[in-house]
$ cat my_file_2.pdb   # PDB, C-alpha atoms and all ligand atoms
MODEL        1
ATOM      1  CA  VAL A   1     122.936  96.050  78.094
ATOM      2  CA  THR A   2     122.837  92.630  76.513
ATOM      3  CA  ARG A   3     119.385  91.370  75.653
ATOM      4  CA  GLU A   4     120.460  87.855  76.545
ATOM      5  CA  PRO A   5     119.002  86.228  79.617
ATOM      6  CA  VAL A   6     121.369  85.377  82.458
ATOM      7  CA  SER A   7     120.896  82.028  84.157
ATOM      8  CA  ILE A   8     121.760  81.191  87.730
ATOM      9  CA  ARG A   9     121.789  77.694  89.190
ATOM     10  CA  VAL A  10     120.137  76.862  92.467
ATOM     11  CA  ALA A  11     120.488  73.446  94.081
ATOM     12  CA  SER A  12     117.683  72.457  96.419
ATOM     13  CA  ARG A  13     118.553  70.021  99.192
ATOM     14  CA  GLY A  14     115.147  69.085 100.521
ATOM     15  CA  SER A  15     112.040  67.653  98.882
ATOM     16  CA  ARG A  16     110.104  70.803  99.873
ATOM     17  CA  GLU A  17     112.161  73.898 100.434
ATOM     18  CA  ALA A  18     112.063  77.685 100.121
ATOM     19  CA  ILE A  19     115.342  79.252  98.970
ATOM     20  CA  ASP A  20     116.050  82.989  98.988
ATOM     21  CA  VAL A  21     117.697  83.838  95.638
ATOM     22  CA  THR A  22     117.425  87.636  95.949
ATOM     23  CA  GLY A  23     121.172  88.124  96.377
ATOM     24  CA  GLN A  24     122.042  86.092  93.286
ATOM     25  CA  VAL A  25     119.464  87.914  91.164
ATOM     26  CA  ALA A  26     120.620  91.295  92.507
ATOM     27  CA  GLU A  27     124.212  90.523  91.459
ATOM     28  CA  VAL A  28     123.094  89.926  87.871
ATOM     29  CA  VAL A  29     121.404  93.316  87.468
ATOM     30  CA  THR A  30     124.022  95.614  89.024
ATOM     31  CA  SER A  31     125.293  96.778  85.612
ATOM     32  CA  TRP A  32     121.879  96.972  83.961
ATOM     33  CA  PRO A  33     120.147 100.227  83.076
ATOM     34  CA  ASP A  34     116.725 101.016  84.477
ATOM     35  CA  LEU A  35     114.302  98.469  83.064
ATOM     36  CA  VAL A  36     111.940  95.687  83.982
ATOM     37  CA  ALA A  37     113.426  92.225  84.409
ATOM     38  CA  LEU A  38     111.575  88.986  83.888
ATOM     39  CA  VAL A  39     112.661  86.479  86.540
ATOM     40  CA  SER A  40     111.480  83.028  85.560
ATOM     41  CA  ILE A  41     111.972  79.325  85.954
ATOM     42  CA  ASP A  42     111.221  76.790  83.235
ATOM     43  CA  HIS A  43     110.219  74.116  85.707
ATOM     44  CA  THR A  44     106.819  72.585  86.469
ATOM     45  CA  SER A  45     107.454  71.371  90.021
ATOM     46  CA  ALA A  46     108.915  74.550  91.548
ATOM     47  CA  ALA A  47     107.828  78.192  91.735
ATOM     48  CA  ILE A  48     109.249  81.687  92.067
ATOM     49  CA  VAL A  49     107.480  84.182  94.339
ATOM     50  CA  LEU A  50     107.892  87.429  96.276
ATOM     51  CA  ALA A  51     107.561  87.029 100.045
ATOM     52  CA  PRO A  52     109.349  87.718 103.325
ATOM     53  CA  SER A  53     112.313  85.444 103.899
ATOM     54  CA  ASP A  54     113.032  85.099 107.585
ATOM     55  CA  ASP A  55     113.788  81.567 108.807
ATOM     56  CA  GLY A  56     110.255  81.105 110.100
ATOM     57  CA  MET A  57     108.733  82.114 106.767
ATOM     58  CA  LEU A  58     110.999  79.753 104.821
ATOM     59  CA  ALA A  59     109.992  76.941 107.166
ATOM     60  CA  ASP A  60     106.323  77.908 106.817
ATOM     61  CA  PHE A  61     106.487  77.643 103.018
ATOM     62  CA  ALA A  62     108.102  74.217 103.236
ATOM     63  CA  ARG A  63     105.458  73.066 105.729
ATOM     64  CA  VAL A  64     102.558  74.334 103.605
ATOM     65  CA  ALA A  65     104.042  72.648 100.536
ATOM     66  CA  GLU A  66     104.354  69.416 102.473
ATOM     67  CA  ARG A  67     100.883  69.384 104.019
ATOM     68  CA  TRP A  68      98.495  71.598 102.057
ATOM     69  CA  LEU A  69      97.414  69.027  99.500
ATOM     70  CA  ALA A  70      98.356  65.942 101.495
ATOM     71  CA  ALA A  71      94.727  65.073 102.208
ATOM     72  CA  LEU A  72      94.108  64.762  98.452
ATOM     73  CA  ARG A  73      96.755  62.093  97.866
ATOM     74  CA  PRO A  74      97.181  60.074  95.819
ATOM     75  CA  PHE A  75      97.253  62.360  92.769
ATOM     76  CA  GLU A  76      96.459  60.833  89.410
ATOM     77  CA  HIS A  77      99.371  62.272  87.434
ATOM     78  CA  LEU A  78     102.198  59.762  87.038
ATOM     79  CA  GLU A  79     105.300  60.548  85.024
ATOM     80  CA  ALA A  80     108.160  58.122  84.680
ATOM     81  CA  ASN A  81     106.851  56.512  87.853
ATOM     82  CA  ASN A  82     107.227  59.817  89.728
ATOM     83  CA  PRO A  83     103.869  60.685  91.299
ATOM     84  CA  ASN A  84     104.567  64.431  91.419
ATOM     85  CA  GLY A  85     101.171  65.785  90.401
ATOM     86  CA  GLU A  86     100.980  67.563  93.748
ATOM     87  CA  ALA A  87     104.207  69.415  92.938
ATOM     88  CA  HIS A  88     102.803  70.483  89.546
ATOM     89  CA  VAL A  89      99.642  71.844  91.180
ATOM     90  CA  LEU A  90     101.674  73.842  93.730
ATOM     91  CA  SER A  91     103.936  75.167  90.952
ATOM     92  CA  ALA A  92     100.970  76.302  88.856
ATOM     93  CA  PHE A  93      99.248  77.934  91.849
ATOM     94  CA  ALA A  94     102.353  79.798  93.038
ATOM     95  CA  GLY A  95     103.639  80.719  89.560
ATOM     96  CA  THR A  96     106.880  80.534  87.618
ATOM     97  CA  ARG A  97     107.246  84.129  86.326
ATOM     98  CA  LEU A  98     107.955  87.416  88.094
ATOM     99  CA  LEU A  99     108.399  90.958  86.816
ATOM    100  CA  VAL A 100     110.793  93.065  88.891
ATOM    101  CA  GLU A 101     111.851  96.673  88.278
ATOM    102  CA  VAL A 102     115.572  97.390  88.102
ATOM    103  CA  ALA A 103     116.536 100.959  89.055
ATOM    104  CA  GLY A 104     120.027 102.298  89.663
ATOM    105  CA  GLY A 105     121.460  98.796  89.330
ATOM    106  CA  SER A 106     119.275  97.473  92.136
ATOM    107  CA  LEU A 107     116.116  95.415  92.341
ATOM    108  CA  ARG A 108     113.191  97.634  93.261
ATOM    109  CA  LEU A 109     111.414  95.530  95.858
ATOM    110  CA  GLY A 110     109.132  96.321  98.747
ATOM    111  CA  ARG A 111     110.641  96.436 102.211
ATOM    112  CA  TRP A 112     109.735  92.823 102.977
ATOM    113  CA  GLN A 113     109.815  91.427  99.485
ATOM    114  CA  ARG A 114     112.452  88.837  98.676
ATOM    115  CA  ILE A 115     112.661  86.554  95.656
ATOM    116  CA  LEU A 116     112.080  82.981  96.787
ATOM    117  CA  LEU A 117     112.460  79.804  94.797
ATOM    118  CA  LEU A 118     109.950  77.284  96.106
ATOM    119  CA  GLU A 119     111.018  73.687  95.583
ATOM    120  CA  PHE A 120     108.186  71.158  95.559
ATOM    121  CA  ASP A 121     109.935  68.065  94.180
ATOM    122  CA  GLY A 122     113.541  68.182  95.280
ATOM    123  CA  PRO A 123     116.319  67.784  95.677
ATOM    124  CA  GLN A 124     117.060  69.076  92.191
ATOM    125  CA  GLU A 125     119.280  71.538  90.373
ATOM    126  CA  ARG A 126     117.076  74.446  89.292
ATOM    127  CA  THR A 127     117.754  77.245  86.814
ATOM    128  CA  VAL A 128     116.490  80.797  87.340
ATOM    129  CA  ARG A 129     116.560  83.028  84.239
ATOM    130  CA  ILE A 130     116.769  86.808  84.457
ATOM    131  CA  LEU A 131     115.825  88.510  81.194
ATOM    132  CA  PRO A 132     116.099  92.285  80.687
ATOM    133  CA  LEU A 133     112.938  93.686  79.094
ATOM    134  CA  ALA A 134     112.533  97.126  77.556
TER     135      ALA A 134
HETATM  136 ZN    ZN A 201     105.112  65.026  86.592
ENDMDL
END

$ encode --input "my_file_2.pdb" --output "structure tokens" --more "lines below"
Ligand code: ZN
Amino acid sequence: VTREPVSIRVASRGSREAIDVTGQVAEVVTSWPDLVALVSIDHTSAAIVLAPSDDGMLADFARVAERWLAALRPFEHLEANNPNGEAHVLSAFAGTRLLVEVAGGSLRLGRWQRILLLEFDGPQERTVRILPLA
């Protein structure tokens, strides 16, 4: 197996959105031996998490992202006139790194676990990296 990371692109359409990327990640690892894969994003206003991914759950994530910290606005962080401090806080709380076992060319996930990209400052083109570890 190559030790190079594989990158997949994910385009968010909404400002706050949960996107199931499990299928795209699963395609990457089909030829990999049994190992642990690091699934990560190098972004500070999005996150990558394991959670159920029915339509209601995806809507719930988007709603929480929209309203959870709303009472604390305005946030002090300002970057290129983009007041996205709230998105950075959500990204840091939810996390940007996952470890997932690969076995028999498949992702070893719990019955209800899916890999979700959480967008907090979209729409944007996001990159998810999948790196094979030992
Ligand atoms: Zn910022």

$ residues_around --input "my_file_2.pdb" --residues "A:Ala134" --least-positions-apart "6" --cutoff "9 Å" --atoms "all atoms listed in the file" --output "ChimeraX atom specification"
/A:34-37

$ closest_atom_pairs --input "my_file_2.pdb" --of "chain A" --to "ligand ZN 201 (chain A)" --cutoff "12 Å" --atoms "all atoms listed in the file" --output "CSV"
residue,atom,partner,partner_atom,distance
A:His43,CA,A:ZN201,ZN,10.5
A:Thr44,CA,A:ZN201,ZN,7.8
A:Ser45,CA,A:ZN201,ZN,7.6
A:Ala46,CA,A:ZN201,ZN,11.4
A:Phe75,CA,A:ZN201,ZN,10.3
A:Glu76,CA,A:ZN201,ZN,10.0
A:His77,CA,A:ZN201,ZN,6.4
A:Leu78,CA,A:ZN201,ZN,6.0
A:Glu79,CA,A:ZN201,ZN,4.7
A:Ala80,CA,A:ZN201,ZN,7.8
A:Asn81,CA,A:ZN201,ZN,8.8
A:Asn82,CA,A:ZN201,ZN,6.4
A:Pro83,CA,A:ZN201,ZN,6.5
A:Asn84,CA,A:ZN201,ZN,4.9
A:Gly85,CA,A:ZN201,ZN,5.5
A:Glu86,CA,A:ZN201,ZN,8.6
A:Ala87,CA,A:ZN201,ZN,7.8
A:His88,CA,A:ZN201,ZN,6.6
A:Val89,CA,A:ZN201,ZN,9.9
A:Leu90,CA,A:ZN201,ZN,11.9
A:Ser91,CA,A:ZN201,ZN,11.1
A:Phe120,CA,A:ZN201,ZN,11.3
A:Asp121,CA,A:ZN201,ZN,9.5

$ closest_residue --input "my_file_2.pdb" --among "A:Ala11, A:Leu118, A:Leu107, A:Leu133" --to "A:Arg63" --atoms "all atoms listed in the file"
A:Leu118

$ atom_distance --input "my_file_2.pdb" --atom1 "atom CA of A:Ala103" --atom2 "atom CA of A:Ser53"
21.9 Å

$ closest_residue --input "my_file_2.pdb" --among "A:Val64, A:Val39, A:Ala51, A:Ala92" --to "A:Ile130" --atoms "all atoms listed in the file"
A:Val39

$ closest_residue --input "my_file_2.pdb" --among "A:Ala94, A:Leu117, A:Leu69, A:Leu131" --to "A:Ser7" --atoms "all atoms listed in the file"
A:Leu131

$ resolve_selection --input "my_file_2.pdb" --expression "the PyMOL selection byres (((chain A and resi 57) around 12) and not hetatm)" --output "list in words"
Glu17, Ala18, Ile19, Asp20, Leu50, Ala51, Pro52, Ser53, Asp54, Asp55, Gly56, Leu58, Ala59, Asp60, Phe61, Ala62, Arg63, Val64, Trp112, Gln113, Arg114, Leu116 and Leu118 of chain A

$ resolve_selection --input "my_file_2.pdb" --expression "the PyMOL selection byres (((chain A and resi 26) around 12) and not hetatm)" --output "ChimeraX atom specification"
/A:6,8,20-25,27-32,37,39,100-109,114-115,130

$ closest_residue --input "my_file_2.pdb" --among "A:Pro5, A:Trp68, A:Val10, A:Arg97" --to "A:Asp42" --atoms "only C-alpha atoms"
A:Arg97

$ atom_distance --input "my_file_2.pdb" --atom1 "atom CA of A:Val128" --atom2 "atom CA of A:Ala65"
19.9 Å

$ resolve_selection --input "my_file_2.pdb" --expression "the PyMOL selection byres (((chain A and resi 15) around 6) and not hetatm)" --output "list in words"
Gly14, Arg16, Asp121, Gly122 and Pro123 of chain A

$ closest_residue --input "my_file_2.pdb" --among "A:Arg73, A:Arg3, A:Arg67, A:Arg13" --to "A:Glu119" --atoms "all atoms listed in the file"
A:Arg13

$ atom_distance --input "my_file_2.pdb" --atom1 "atom CA of A:Ile48" --atom2 "atom CA of A:Thr96"
5.2 Å

$ closest_residue --input "my_file_2.pdb" --among "A:Gly110, A:Ser12, A:Val49, A:Leu99" --to "A:Gln124" --atoms "all atoms listed in the file"
A:Ser12

$ decode --input "my_file_2.pdb" --residues "stretch 98-118 of chain A" --atoms "N, CA and C atoms" --output "tab-separated table (two decimals), in the first residue's frame"
chain	number	residue	atom	x	y	z
A	98	LEU	N	-9.94	11.87	12.82
A	98	LEU	CA	-10.57	10.61	13.22
A	98	LEU	C	-9.61	9.47	12.93
A	99	LEU	N	-9.61	8.45	13.78
A	99	LEU	CA	-8.91	7.21	13.49
A	99	LEU	C	-9.97	6.15	13.21
A	100	VAL	N	-9.83	5.46	12.07
A	100	VAL	CA	-10.79	4.43	11.70
A	100	VAL	C	-10.03	3.17	11.28
A	101	GLU	N	-10.42	2.02	11.82
A	101	GLU	CA	-9.81	0.76	11.41
A	101	GLU	C	-10.26	0.39	10.01
A	102	VAL	N	-9.31	-0.15	9.23
A	102	VAL	CA	-9.63	-0.73	7.93
A	102	VAL	C	-9.36	-2.23	8.03
A	103	ALA	N	-10.35	-3.05	7.72
A	103	ALA	CA	-10.21	-4.50	7.80
A	103	ALA	C	-10.90	-5.13	6.59
A	104	GLY	N	-10.16	-5.98	5.88
A	104	GLY	CA	-10.74	-6.63	4.70
A	104	GLY	C	-11.19	-5.62	3.65
A	105	GLY	N	-10.49	-4.51	3.55
A	105	GLY	CA	-10.83	-3.51	2.54
A	105	GLY	C	-12.05	-2.67	2.87
A	106	SER	N	-12.54	-2.81	4.10
A	106	SER	CA	-13.71	-2.04	4.52
A	106	SER	C	-13.41	-1.22	5.76
A	107	LEU	N	-14.16	-0.16	5.93
A	107	LEU	CA	-14.08	0.63	7.17
A	107	LEU	C	-14.75	-0.16	8.27
A	108	ARG	N	-14.06	-0.30	9.41
A	108	ARG	CA	-14.68	-0.98	10.54
A	108	ARG	C	-15.36	0.06	11.41
A	109	LEU	N	-16.67	0.18	11.21
A	109	LEU	CA	-17.46	1.18	11.94
A	109	LEU	C	-18.57	0.48	12.70
A	110	GLY	N	-19.04	1.13	13.75
A	110	GLY	CA	-20.19	0.61	14.47
A	110	GLY	C	-21.42	0.67	13.59
A	111	ARG	N	-22.44	-0.06	14.00
A	111	ARG	CA	-23.65	-0.19	13.17
A	111	ARG	C	-24.21	1.16	12.74
A	112	TRP	N	-24.19	2.15	13.64
A	112	TRP	CA	-24.79	3.44	13.32
A	112	TRP	C	-23.76	4.52	13.03
A	113	GLN	N	-22.51	4.12	12.99
A	113	GLN	CA	-21.48	5.13	12.78
A	113	GLN	C	-21.26	5.42	11.30
A	114	ARG	N	-21.36	6.68	10.95
A	114	ARG	CA	-21.02	7.16	9.62
A	114	ARG	C	-20.03	8.30	9.79
A	115	ILE	N	-19.24	8.54	8.74
A	115	ILE	CA	-18.28	9.64	8.79
A	115	ILE	C	-18.94	10.88	8.21
A	116	LEU	N	-19.11	11.89	9.06
A	116	LEU	CA	-19.78	13.12	8.64
A	116	LEU	C	-18.82	14.28	8.62
A	117	LEU	N	-18.84	15.02	7.54
A	117	LEU	CA	-18.17	16.32	7.50
A	117	LEU	C	-19.18	17.36	7.96
A	118	LEU	N	-18.82	18.11	8.97
A	118	LEU	CA	-19.69	19.18	9.46
A	118	LEU	C	-19.15	20.51	8.97
